[in-house]
$ cat final_35.txt   # compact mmCIF, C-alpha atoms
# COMPACT_ATOMS: atom_id res chain seq x y z
CA MET R 27 34.22 24.50 -10.62
CA ASN R 28 33.49 24.07 -14.28
CA ARG R 29 30.12 25.77 -14.58
CA ASN R 30 30.07 25.33 -18.37
CA ALA R 31 29.47 21.62 -17.86
CA ALA R 32 26.21 22.21 -15.97
CA THR R 33 24.00 20.71 -18.66
CA LYS R 34 26.06 17.54 -19.20
CA MET R 35 23.76 14.55 -18.75
CA PRO R 36 24.83 11.09 -17.57
CA ASP R 37 24.80 8.53 -20.37
CA GLY R 38 21.55 6.69 -20.81
CA LEU R 39 19.45 9.05 -18.70
CA PRO R 40 15.82 8.60 -19.84
CA GLU R 41 14.31 11.54 -21.68
CA VAL R 42 11.62 12.02 -19.01
CA LEU R 43 14.29 12.59 -16.34
CA LYS R 44 16.33 15.21 -18.19
CA ALA R 45 14.31 18.15 -16.85
CA ALA R 46 14.65 16.74 -13.32
CA HIS R 47 18.41 16.43 -13.87
CA GLN R 48 18.60 20.08 -14.86
CA VAL R 49 16.72 21.13 -11.72
CA PHE R 50 18.99 18.93 -9.56
CA ILE R 51 22.10 20.58 -11.03
CA THR R 52 20.61 24.04 -10.56
CA LEU R 53 19.86 23.31 -6.91
CA THR R 54 23.30 21.82 -6.34
CA THR R 55 25.17 25.15 -6.28
CA ASP R 56 23.03 26.50 -3.45
CA ARG R 57 23.21 23.21 -1.59
CA ILE R 58 27.01 23.15 -1.73
CA LEU R 59 27.21 26.70 -0.40
CA ARG R 60 24.68 25.98 2.34
CA ILE R 61 26.38 22.79 3.51
CA GLU R 62 29.75 24.61 3.55
CA ALA R 63 28.31 27.41 5.68
CA LEU R 64 26.65 24.99 8.10
CA THR R 65 29.80 22.90 8.39
CA GLN R 66 31.84 26.02 9.14
CA ALA R 67 29.34 27.00 11.83
CA VAL R 68 29.79 23.62 13.53
CA HIS R 69 33.59 23.88 13.30
CA LYS R 70 33.40 27.34 14.89
CA GLY R 71 31.66 25.87 17.91
CA GLN R 72 28.13 27.10 17.29
CA GLU R 73 25.19 25.07 18.63
CA PRO R 74 25.56 21.98 16.41
CA ALA R 75 22.07 20.43 16.43
CA PRO R 76 20.25 22.95 14.18
CA ALA R 77 23.12 23.02 11.65
CA LEU R 78 23.47 19.23 11.55
CA THR R 79 19.70 18.81 11.24
CA GLU R 80 19.73 21.05 8.19
CA ILE R 81 22.71 19.23 6.66
CA ALA R 82 20.83 15.95 7.17
CA GLN R 83 17.76 17.44 5.44
CA ILE R 84 19.83 18.56 2.46
CA ALA R 85 21.56 15.16 2.33
CA HIS R 86 18.09 13.55 2.40
CA LYS R 87 17.09 15.48 -0.71
CA ILE R 88 20.31 14.64 -2.55
CA ALA R 89 20.04 10.96 -1.56
CA GLY R 90 16.46 10.87 -2.83
CA VAL R 91 17.30 11.61 -6.46
CA ALA R 92 21.04 11.42 -7.16
CA GLY R 93 21.04 7.68 -7.89
CA THR R 94 18.03 7.93 -10.19
CA LEU R 95 19.67 10.79 -12.08
CA GLY R 96 22.84 8.82 -12.77
CA TYR R 97 25.01 9.55 -9.73
CA PRO R 98 24.72 6.46 -7.49
CA GLU R 99 27.95 7.18 -5.55
CA ILE R 100 26.71 10.64 -4.63
CA GLY R 101 23.37 9.15 -3.61
CA ASP R 102 25.06 6.53 -1.42
CA SER R 103 27.35 9.11 0.16
CA ALA R 104 24.48 11.50 0.93
CA ARG R 105 22.39 8.65 2.37
CA SER R 106 25.24 7.55 4.61
CA ILE R 107 25.68 11.11 5.92
CA GLU R 108 21.94 11.52 6.43
CA GLN R 109 21.63 8.27 8.38
CA LYS R 110 24.65 8.95 10.60
CA LEU R 111 23.62 12.51 11.41
CA LYS R 112 20.03 11.55 12.15
CA SER R 113 21.16 8.67 14.32
CA ASP R 114 23.43 10.93 16.39
CA LEU R 115 20.81 13.69 16.60
CA ALA R 116 18.19 11.18 17.75
CA ALA R 117 20.61 9.93 20.39
CA GLY R 118 21.03 13.48 21.67
CA ALA R 119 24.74 13.40 20.83
CA PRO R 120 24.99 15.36 17.55
CA LEU R 121 28.80 15.51 17.54
CA ARG R 122 29.36 11.89 18.61
CA ASN R 123 30.71 10.87 15.18
CA TRP R 124 31.44 14.31 13.78
CA ASP R 125 35.17 13.59 13.33
CA SER R 126 34.35 10.81 10.88
CA ILE R 127 31.29 12.43 9.30
CA ALA R 128 32.98 15.77 8.51
CA PRO R 129 35.43 14.20 6.01
CA GLU R 130 32.49 12.36 4.38
CA ILE R 131 30.74 15.69 3.95
CA GLU R 132 33.88 17.14 2.38
CA ASP R 133 34.02 14.21 -0.07
CA LEU R 134 30.35 14.71 -0.92
CA LEU R 135 30.92 18.42 -1.56
CA ASP R 136 33.86 17.57 -3.85
CA ALA R 137 31.69 15.11 -5.76
CA LEU R 138 28.88 17.65 -6.09
CA GLU R 139 31.29 20.30 -7.35
CA GLU R 140 32.37 17.90 -10.07
CA LEU R 141 28.82 18.04 -11.44
CA LEU R 142 28.93 21.78 -11.99
CA MET D 69 -8.60 1.85 -18.29
CA LYS D 70 -9.28 5.10 -16.44
CA ASP D 71 -6.13 7.01 -15.52
CA LEU D 72 -5.60 7.34 -11.77
CA ARG D 73 -5.79 10.91 -10.52
CA ILE D 74 -2.86 11.22 -8.13
CA LEU D 75 -1.68 14.01 -5.83
CA ALA D 76 2.05 13.82 -5.05
CA VAL D 77 3.49 15.90 -2.22
CA ASP D 78 7.24 16.44 -1.82
CA ASP D 79 9.24 19.55 -0.91
CA ASP D 80 12.12 18.67 -3.25
CA ARG D 81 11.43 19.97 -6.74
CA ALA D 82 13.94 17.57 -8.30
CA PHE D 83 12.28 14.55 -6.66
CA GLN D 84 8.85 15.79 -7.73
CA MET D 85 10.06 15.85 -11.31
CA VAL D 86 11.71 12.43 -11.04
CA LEU D 87 8.49 11.02 -9.63
CA GLN D 88 6.32 12.67 -12.24
CA GLY D 89 8.60 11.52 -15.07
CA THR D 90 8.71 7.95 -13.76
CA LEU D 91 4.94 7.88 -13.27
CA ALA D 92 4.49 9.09 -16.85
CA GLN D 93 6.75 6.27 -18.05
CA LEU D 94 4.49 3.82 -16.20
CA GLY D 95 1.42 5.29 -17.86
CA TYR D 96 0.18 7.51 -15.02
CA ASN D 97 -0.25 10.96 -16.54
CA ASP D 98 -2.87 12.58 -14.33
CA VAL D 99 -0.49 13.59 -11.54
CA THR D 100 -0.56 16.86 -9.61
CA SER D 101 2.64 17.73 -7.69
CA VAL D 102 2.81 20.20 -4.82
CA PRO D 103 5.72 21.13 -2.51
CA SER D 104 4.08 21.17 0.94
CA ALA D 105 1.28 19.90 3.13
CA ALA D 106 -0.32 23.35 3.10
CA ALA D 107 -0.32 23.44 -0.70
CA ALA D 108 -1.70 19.90 -0.78
CA LEU D 109 -4.61 20.75 1.52
CA LYS D 110 -5.40 23.80 -0.58
CA VAL D 111 -5.41 21.76 -3.81
CA ILE D 112 -7.58 19.07 -2.18
CA ARG D 113 -10.08 21.65 -0.95
CA ASN D 114 -10.30 23.44 -4.30
CA SER D 115 -10.21 20.45 -6.62
CA PRO D 116 -13.51 19.92 -8.44
CA GLN D 117 -12.69 16.21 -8.82
CA LEU D 118 -11.65 13.75 -6.12
CA PHE D 119 -8.16 12.30 -6.19
CA ASP D 120 -7.86 8.51 -6.55
CA GLY D 121 -4.69 8.29 -4.48
CA PHE D 122 -1.92 10.19 -2.71
CA LEU D 123 1.87 9.91 -2.61
CA LEU D 124 3.20 11.75 0.46
CA ASP D 125 6.82 12.39 1.37
CA ILE D 126 7.29 11.82 5.09
CA GLU D 127 10.06 14.35 5.69
CA MET D 128 8.76 17.81 4.97
CA PRO D 129 9.19 21.05 6.93
CA GLU D 130 6.34 22.42 9.07
CA VAL D 131 3.55 19.84 8.54
CA ASP D 132 5.20 16.50 7.74
CA GLY D 133 3.78 13.68 5.63
CA VAL D 134 2.45 11.70 8.60
CA GLU D 135 0.40 14.66 9.83
CA LEU D 136 -0.79 15.37 6.29
CA CYS D 137 -1.88 11.73 6.01
CA ARG D 138 -3.87 12.10 9.24
CA ARG D 139 -5.56 15.27 7.96
CA ILE D 140 -6.48 13.70 4.62
CA ARG D 141 -7.92 10.65 6.41
CA GLY D 142 -10.01 13.03 8.48
CA MET D 143 -11.92 14.06 5.36
CA SER D 144 -14.88 11.74 4.92
CA VAL D 145 -14.48 11.52 1.12
CA TYR D 146 -10.89 10.29 1.53
CA ARG D 147 -11.51 7.88 4.40
CA LYS D 148 -10.62 4.88 2.21
CA THR D 149 -8.53 6.48 -0.55
CA PRO D 150 -5.07 4.86 -0.94
CA ILE D 151 -2.29 6.92 0.66
CA ILE D 152 1.25 5.79 -0.11
CA MET D 153 4.07 7.25 1.96
CA VAL D 154 7.47 8.03 0.45
CA THR D 155 10.40 7.74 2.84
CA SER D 156 14.16 7.38 3.03
CA LEU D 157 15.87 4.50 4.79
CA ALA D 158 16.87 6.89 7.60
CA ASP D 159 13.21 7.73 8.23
CA LYS D 160 11.83 4.22 7.92
CA HIS D 161 10.97 4.21 11.64
CA PHE D 162 8.30 6.84 10.86
CA VAL D 163 6.44 4.32 8.73
CA ASP D 164 4.71 2.82 11.78
CA SER D 165 3.29 6.19 12.76
CA ALA D 166 2.25 6.74 9.14
CA PHE D 167 0.28 3.49 9.18
CA ALA D 168 -1.26 4.53 12.49
CA ALA D 169 -2.29 7.79 10.78
CA GLY D 170 -4.06 5.79 8.08
CA ALA D 171 -1.42 5.21 5.38
CA THR D 172 -2.06 2.31 3.03
CA ASP D 173 1.47 1.52 1.91
CA TYR D 174 4.96 3.02 1.51
CA PHE D 175 8.03 2.95 -0.67
CA THR D 176 11.56 4.18 -0.12
CA LYS D 177 13.73 6.73 -1.88
CA PRO D 178 15.60 6.59 -4.16
CA LEU D 179 12.85 5.63 -6.51
CA ASP D 180 12.83 2.07 -7.77
CA GLU D 181 10.64 1.76 -10.83
CA ILE D 182 9.66 -1.85 -10.10
CA GLU D 183 8.72 -1.02 -6.52
CA LEU D 184 6.75 2.03 -7.61
CA ARG D 185 4.92 0.01 -10.25
CA ALA D 186 3.94 -2.61 -7.65
CA ARG D 187 2.68 0.01 -5.20
CA LEU D 188 0.61 1.70 -7.88
CA GLN D 189 -0.89 -1.62 -8.92
CA VAL D 190 -2.08 -2.05 -5.34
CA MET D 191 -3.45 1.50 -5.49
CA ARG D 192 -5.32 0.70 -8.69
CA GLN D 193 -6.76 -2.51 -7.20
CA LEU D 194 -8.05 -0.59 -4.20
CA VAL D 195 -9.57 2.10 -6.40
CA ASP D 196 -11.17 -0.53 -8.64
CA GLU D 197 -12.57 -2.44 -5.66
CA ARG D 198 -14.08 0.71 -4.28
CA GLN D 199 -15.67 1.45 -7.63
CA ARG D 200 -17.02 -2.08 -7.86
CA ALA D 201 -18.57 -1.76 -4.41
CA LEU D 202 -20.38 1.36 -5.63
CA ASP D 203 -21.41 -0.45 -8.83
CA LEU D 204 -22.77 -3.26 -6.71
CA LEU D 205 -25.26 -0.94 -5.09
CA ASP D 206 -26.63 -0.07 -8.53
CA GLU D 207 -26.60 -3.71 -9.50
CA LEU D 208 -28.56 -4.74 -6.43
CA LYS D 209 -31.18 -2.13 -7.16
CA SER D 210 -31.67 -3.62 -10.63
CA TRP D 211 -32.07 -7.12 -9.18
CA SER D 212 -35.32 -6.39 -7.46
CA ASP D 213 -37.19 -8.60 -9.94
CA LEU D 214 -34.90 -11.62 -9.40
CA PRO D 215 -37.06 -14.65 -8.51
CA LYS D 216 -36.51 -15.81 -4.93
CA SER D 217 -36.14 -19.38 -6.16
CA LYS D 218 -32.79 -18.45 -7.79
CA VAL D 219 -31.21 -17.83 -4.41
CA LYS D 220 -30.72 -21.03 -2.42
CA PHE D 221 -29.08 -21.04 0.98
CA ASP D 222 -26.99 -24.16 0.35
CA ALA D 223 -25.85 -23.23 -3.13
CA PRO D 224 -22.77 -21.26 -4.17
CA LEU D 225 -23.65 -17.72 -5.13
CA SER D 226 -21.62 -15.06 -6.88
CA VAL D 227 -22.44 -12.14 -4.64
CA ILE D 228 -20.38 -9.26 -5.94
CA SER D 229 -18.94 -8.08 -9.25
CA ALA D 230 -15.26 -7.89 -8.42
CA ASN D 231 -12.27 -9.32 -10.23
CA TRP D 232 -11.36 -11.26 -7.09
CA MET D 233 -14.83 -12.85 -6.76
CA VAL D 234 -15.08 -16.12 -8.68
CA GLU D 235 -17.58 -18.94 -8.91
CA TYR D 236 -16.91 -21.71 -6.39
CA LEU D 237 -16.78 -24.27 -9.18
CA ALA D 238 -14.34 -22.12 -11.14
CA MET D 239 -12.10 -21.94 -8.07
CA GLN D 240 -12.14 -25.73 -7.76
CA ASN D 241 -11.33 -26.09 -11.44
CA HIS D 242 -8.56 -23.54 -11.18
CA LEU D 243 -6.89 -25.55 -8.42
CA LEU D 244 -6.88 -28.62 -10.62
CA THR D 245 -5.10 -26.74 -13.41
CA LEU D 246 -2.16 -25.76 -11.21
CA ASN D 247 1.05 -27.74 -11.37
CA ARG D 248 2.48 -29.08 -8.12
CA LEU D 249 4.84 -26.18 -7.58
CA GLN D 250 2.13 -23.58 -8.19
CA LEU D 251 -0.25 -25.47 -5.93
CA PHE D 252 2.38 -25.59 -3.20
CA GLY D 253 2.46 -21.78 -3.25
CA HIS D 254 -1.27 -21.47 -2.49
CA ALA D 255 -3.40 -21.72 0.64
CA ALA D 256 -7.18 -21.87 1.01
CA ILE D 257 -8.84 -20.15 3.95
CA GLY D 258 -12.46 -20.53 4.94
CA PHE D 259 -14.67 -17.79 6.36
CA THR D 260 -17.92 -19.07 7.84
CA VAL D 261 -20.84 -16.79 8.69
CA THR D 262 -22.24 -18.84 11.55
CA ASN D 263 -25.60 -17.03 11.62
CA ALA D 264 -26.10 -16.77 7.85
CA SER D 265 -29.19 -19.00 7.97
CA ASP D 266 -30.91 -16.46 10.26
CA ALA D 267 -30.21 -13.67 7.78
CA PHE D 268 -31.45 -15.84 4.90
CA ARG D 269 -34.70 -16.49 6.80
CA LEU D 270 -35.23 -12.88 7.85
CA THR D 271 -34.69 -11.07 4.57
CA ASP D 272 -35.52 -11.33 0.87
CA HIS D 273 -33.16 -12.39 -1.91
CA VAL D 274 -31.83 -8.88 -2.54
CA GLY D 275 -31.25 -8.36 1.16
CA TYR D 276 -29.41 -11.69 1.47
CA ILE D 277 -27.16 -10.99 -1.50
CA ASP D 278 -26.45 -7.54 -0.12
CA TYR D 279 -25.70 -9.12 3.26
CA LEU D 280 -23.17 -11.54 1.73
CA ALA D 281 -21.70 -8.85 -0.54
CA ASN D 282 -20.99 -6.65 2.43
CA ILE D 283 -19.23 -9.50 4.22
CA ALA D 284 -17.21 -10.30 1.08
CA THR D 285 -16.12 -6.66 0.81
CA VAL D 286 -15.01 -6.53 4.44
CA VAL D 287 -13.02 -9.77 4.06
CA ALA D 288 -11.48 -8.42 0.83
CA GLU D 289 -10.40 -5.23 2.58
CA THR D 290 -8.53 -7.23 5.21
CA LEU D 291 -6.71 -9.18 2.49
CA LYS D 292 -5.89 -6.24 0.26
CA THR D 293 -2.11 -6.49 0.50
CA SER D 294 -1.95 -9.95 -1.07
CA PRO D 295 -3.39 -11.21 -4.33
CA PHE D 296 -6.40 -13.46 -3.71
CA SER D 297 -9.59 -14.84 -5.17
CA MET D 298 -12.78 -15.47 -3.23
CA ALA D 299 -15.81 -17.66 -3.76
CA HIS D 300 -19.05 -18.08 -1.86
CA ALA D 301 -19.55 -21.80 -1.42
CA GLY D 302 -23.09 -21.73 -0.03
CA GLN D 303 -24.43 -21.90 3.55
CA GLY D 304 -22.68 -18.61 4.35
CA ASP D 305 -19.22 -20.07 3.71
CA PHE D 306 -16.62 -18.11 1.79
CA VAL D 307 -13.33 -19.59 0.63
CA VAL D 308 -10.32 -17.47 -0.20
CA LEU D 309 -7.41 -18.72 -2.26
CA THR D 310 -4.23 -16.75 -1.68
CA ASN D 311 -0.45 -17.01 -1.31
CA ARG D 312 0.73 -19.69 1.07
CA THR D 313 2.53 -17.08 3.16
CA ALA D 314 -0.17 -14.39 3.05
CA VAL D 315 -1.95 -15.34 6.27
CA SER D 316 0.34 -16.29 9.11
CA ASP D 317 -2.05 -15.17 11.84
CA PRO D 318 -5.60 -16.39 11.17
CA LYS D 319 -6.71 -15.33 14.66
CA GLY D 320 -5.52 -11.79 13.94
CA LEU D 321 -7.28 -11.92 10.58
CA GLN D 322 -10.48 -13.09 12.28
CA GLU D 323 -10.29 -10.18 14.72
CA GLU D 324 -9.74 -7.75 11.87
CA VAL D 325 -12.71 -9.10 9.89
CA ARG D 326 -14.92 -9.05 12.98
CA ALA D 327 -13.89 -5.44 13.69
CA GLY D 328 -14.72 -4.51 10.09
CA ILE D 329 -18.12 -6.20 10.36
CA ALA D 330 -18.80 -4.58 13.75
CA SER D 331 -18.59 -1.14 12.14
CA TYR D 332 -21.81 -2.04 10.25
CA HIS D 333 -23.68 -3.13 13.40
CA LYS D 334 -26.11 -0.19 13.29
CA LEU D 335 -26.88 -0.84 9.65
CA TYR D 336 -27.73 -4.49 10.32
CA SER D 337 -29.88 -3.50 13.28
CA SER D 338 -31.79 -1.01 11.17
CA LEU D 339 -32.43 -3.75 8.59
CA GLY D 340 -33.60 -6.17 11.27
CA LEU D 341 -30.71 -8.53 10.50
CA PRO D 342 -28.26 -10.16 12.91
CA THR D 343 -24.72 -8.79 12.75
CA PRO D 344 -22.73 -11.51 10.95
CA VAL D 345 -20.56 -13.66 13.17
CA ILE D 346 -17.47 -14.67 11.23
CA GLN D 347 -15.26 -17.65 11.98
CA VAL D 348 -11.97 -17.88 10.12
CA GLY D 349 -10.39 -21.27 9.51
CA ARG D 350 -6.77 -22.32 9.41
CA PRO D 351 -4.96 -21.78 6.11
CA VAL D 352 -5.04 -25.13 4.32
CA SER D 353 -2.40 -25.88 1.75
CA ALA D 354 -1.37 -28.82 -0.34
CA SER D 355 2.00 -30.48 -0.04
CA ILE D 356 4.18 -30.99 -3.05
CA PHE D 357 3.16 -34.68 -3.00
CA SER D 358 -0.61 -34.16 -2.89
CA GLN D 359 -2.79 -36.47 -4.94
CA ARG D 360 -5.59 -35.19 -7.19
CA ALA D 361 -8.35 -36.26 -4.80
CA GLU D 362 -6.73 -34.34 -1.97
CA ILE D 363 -6.43 -31.26 -4.15
CA SER D 364 -10.13 -31.51 -5.00
CA SER D 365 -11.02 -31.57 -1.32
CA LEU D 366 -8.77 -28.63 -0.40
CA LEU D 367 -11.59 -26.09 -0.50
CA ASP D 368 -13.95 -28.38 1.42
CA ARG D 369 -11.31 -28.78 4.09
CA ALA D 370 -10.88 -25.01 4.31
CA ARG D 371 -14.66 -24.70 4.79
CA MET D 372 -14.62 -27.41 7.42
CA SER D 373 -11.86 -25.64 9.29
CA SER D 374 -13.78 -22.35 9.42
CA GLN D 375 -16.99 -24.13 10.42
CA ILE D 376 -15.13 -25.69 13.37
CA GLY D 377 -13.37 -22.40 14.21
CA LEU D 378 -9.91 -21.63 15.55
CA GLU D 379 -10.53 -21.91 19.24
CA GLU D 380 -9.93 -25.65 19.63
CA GLY D 381 -6.55 -27.20 18.85
CA PHE D 382 -5.35 -24.17 16.96
CA SER D 383 -2.18 -24.44 14.90
CA PRO D 384 -1.18 -21.74 12.41
CA GLN D 385 -1.26 -23.83 9.24
CA LYS D 386 -2.49 -27.27 8.36
CA GLN D 387 -0.88 -29.12 5.50
CA TRP D 388 -2.72 -31.92 3.79
CA ASN D 389 -0.40 -34.59 2.44
$ encode --input "final_35.txt" --output "structure tokens"
Amino acid sequence: MNRNAATKMPDGLPEVLKAAHQVFITLTTDRILRIEALTQAVHKGQEPAPALTEIAQIAHKIAGVAGTLGYPEIGDSARSIEQKLKSDLAAGAPLRNWDSIAPEIEDLLDALEELL
Amino acid sequence: MKDLRILAVDDDRAFQMVLQGTLAQLGYNDVTSVPSAAAALKVIRNSPQLFDGFLLDIEMPEVDGVELCRRIRGMSVYRKTPIIMVTSLADKHFVDSAFAAGATDYFTKPLDEIELRARLQVMRQLVDERQRALDLLDELKSWSDLPKSKVKFDAPLSVISANWMVEYLAMQNHLLTLNRLQLFGHAAIGFTVTNASDAFRLTDHVGYIDYLANIATVVAETLKTSPFSMAHAGQGDFVVLTNRTAVSDPKGLQEEVRAGIASYHKLYSSLGLPTPVIQVGRPVSASIFSQRAEISSLLDRARMSSQIGLEEGFSPQKQWN
């Protein structure tokens, strides 16, 4: 992780969104660590629903702002993860698509780490 | 123009800031942001001034946006205040329950500036209409010296100061200024108060204007999601000009207007007036090949349709070629 690049702004980001961008980057470190911990818990066989619900909530927050702040791919990826997890949780089968969702989460984490 | 006083509720600090920044870009600077339903309720309780509108995130821990919407609606001062829900695509299915809880509108994350601008314009219209309704009360009080002879049952009457209320003649003239394509996009819908003559007979001029103004406001509230203009054509007939696609279910619209009117039943009884009985007509629109004479008669045909009512030979839309 290159933490020195934390304040780098996407080109063309409006002035009024720069403070929001800084907050998003600041929150990203904790979000990466939290998603990693929750993912590990699922892999270790712990009760998956609470962990996946929380991952979906974090993905929801990332999806809500990433595109606006200049990271549309991250926004799309987070939205896709959020929708798939919520769909499986609602169906009562939280691990139904876990084998395909887990790699997506890894890709999202890699993309988030690039921001730091 | 007065700045709208908005309370935005979202548990994500980054989104709050994005929203606040985007609102500032659109000219909305009086925005208070809080991170939870509990914080929102506290701010609402302690605020010395009323908020003009609310933006509520649906997905929040503990008390979610839908429940917060329900609680805000439960406060009498916010019974009609615009509440716009903010949701993600994954949570779009919650929108129905938000509307059931009293939400006015919604938009989806991520924020789209054009969409947000449109939603806030609707919010401003609703706030302005509410203000005009309050202004009307003052206006009516000042009309107490209006000679009775100025109010004639058969004549068009401008009954309310609202930007959507126009003179009947002005509405006719407006239709004639539209080109064929613009005209094709419009529909006229009549609203007939079948017992208006009884109200005219039983009350004075102020009472009759107030009676019509109340009906106009109820009709306007049912049409609030689409742009429209309204004129009173005389004899208790209103005509609304709106988008061709705005009213696909005139029967449903009629039920909604009647339900809105029914909520004033006690008030009419206390004034010794009959509760207005409203008949809605079929949307009447011009075809792309309409001749000038047919365009001129469009509003009359809309009135005729509402005077006849929907019960017999109902079809959703009548086109006049």
$ residues_near_point --input "final_35.txt" --point "(25.8, 12.0, 4.1)" --cutoff "7 Å" --atoms "all atoms listed in the file" --output "list in words"
Ala85, Ser103, Ala104, Arg105, Ser106, Ile107, Glu108, Glu130 and Ile131 of chain R
$ interface_residues --input "final_35.txt" --of "chain R" --to "chain D" --cutoff "9 Å" --atoms "all atoms listed in the file" --output "list in words"
Glu41, Val42, Leu43, Lys44, Ala45, Ala46, His47, Gln48, Val49, Phe50, Leu53, Gln83, His86, Lys87, Ala89, Gly90, Val91, Ala92, Gly93, Thr94, Leu95, Gly101, Arg105, Ser106, Glu108, Gln109, Lys110, Lys112 and Ser113 of chain R
$ write_last_selection --input "final_35.txt" --atoms "C-alpha atoms" --output "PDB file, in the frame of the given file"
ATOM      1  CA  GLU R  41      14.310  11.540 -21.680  1.00  0.00           C
ATOM      2  CA  VAL R  42      11.620  12.020 -19.010  1.00  0.00           C
ATOM      3  CA  LEU R  43      14.290  12.590 -16.340  1.00  0.00           C
ATOM      4  CA  LYS R  44      16.330  15.210 -18.190  1.00  0.00           C
ATOM      5  CA  ALA R  45      14.310  18.150 -16.850  1.00  0.00           C
ATOM      6  CA  ALA R  46      14.650  16.740 -13.320  1.00  0.00           C
ATOM      7  CA  HIS R  47      18.410  16.430 -13.870  1.00  0.00           C
ATOM      8  CA  GLN R  48      18.600  20.080 -14.860  1.00  0.00           C
ATOM      9  CA  VAL R  49      16.720  21.130 -11.720  1.00  0.00           C
ATOM     10  CA  PHE R  50      18.990  18.930  -9.560  1.00  0.00           C
ATOM     11  CA  LEU R  53      19.860  23.310  -6.910  1.00  0.00           C
ATOM     12  CA  GLN R  83      17.760  17.440   5.440  1.00  0.00           C
ATOM     13  CA  HIS R  86      18.090  13.550   2.400  1.00  0.00           C
ATOM     14  CA  LYS R  87      17.090  15.480  -0.710  1.00  0.00           C
ATOM     15  CA  ALA R  89      20.040  10.960  -1.560  1.00  0.00           C
ATOM     16  CA  GLY R  90      16.460  10.870  -2.830  1.00  0.00           C
ATOM     17  CA  VAL R  91      17.300  11.610  -6.460  1.00  0.00           C
ATOM     18  CA  ALA R  92      21.040  11.420  -7.160  1.00  0.00           C
ATOM     19  CA  GLY R  93      21.040   7.680  -7.890  1.00  0.00           C
ATOM     20  CA  THR R  94      18.030   7.930 -10.190  1.00  0.00           C
ATOM     21  CA  LEU R  95      19.670  10.790 -12.080  1.00  0.00           C
ATOM     22  CA  GLY R 101      23.370   9.150  -3.610  1.00  0.00           C
ATOM     23  CA  ARG R 105      22.390   8.650   2.370  1.00  0.00           C
ATOM     24  CA  SER R 106      25.240   7.550   4.610  1.00  0.00           C
ATOM     25  CA  GLU R 108      21.940  11.520   6.430  1.00  0.00           C
ATOM     26  CA  GLN R 109      21.630   8.270   8.380  1.00  0.00           C
ATOM     27  CA  LYS R 110      24.650   8.950  10.600  1.00  0.00           C
ATOM     28  CA  LYS R 112      20.030  11.550  12.150  1.00  0.00           C
ATOM     29  CA  SER R 113      21.160   8.670  14.320  1.00  0.00           C
TER      30      SER R 113
END
$ closest_residue --input "final_35.txt" --among "D:Ala264, D:Ala354, D:Leu366, D:Val325" --to "Leu341 of chain D" --atoms "all atoms listed in the file"
D:Ala264
$ residues_around --input "final_35.txt" --residues "Ala171 of chain D" --least-positions-apart "6" --cutoff "10 Å" --atoms "all atoms listed in the file" --output "MDAnalysis selection string"
chainID D and resid 122:124 133:134 137:138 140:141 148:153 163:165
$ atom_distance --input "final_35.txt" --atom1 "atom CA of Glu80 of chain R" --atom2 "atom CA of Glu132 of chain R"
15.8 Å
$ atom_distance --input "final_35.txt" --atom1 "atom CA of Ser365 of chain D" --atom2 "atom CA of Glu324 of chain D"
27.3 Å
$ atom_distance --input "final_35.txt" --atom1 "atom CA of Val102 of chain D" --atom2 "atom CA of Tyr97 of chain R"
25.1 Å
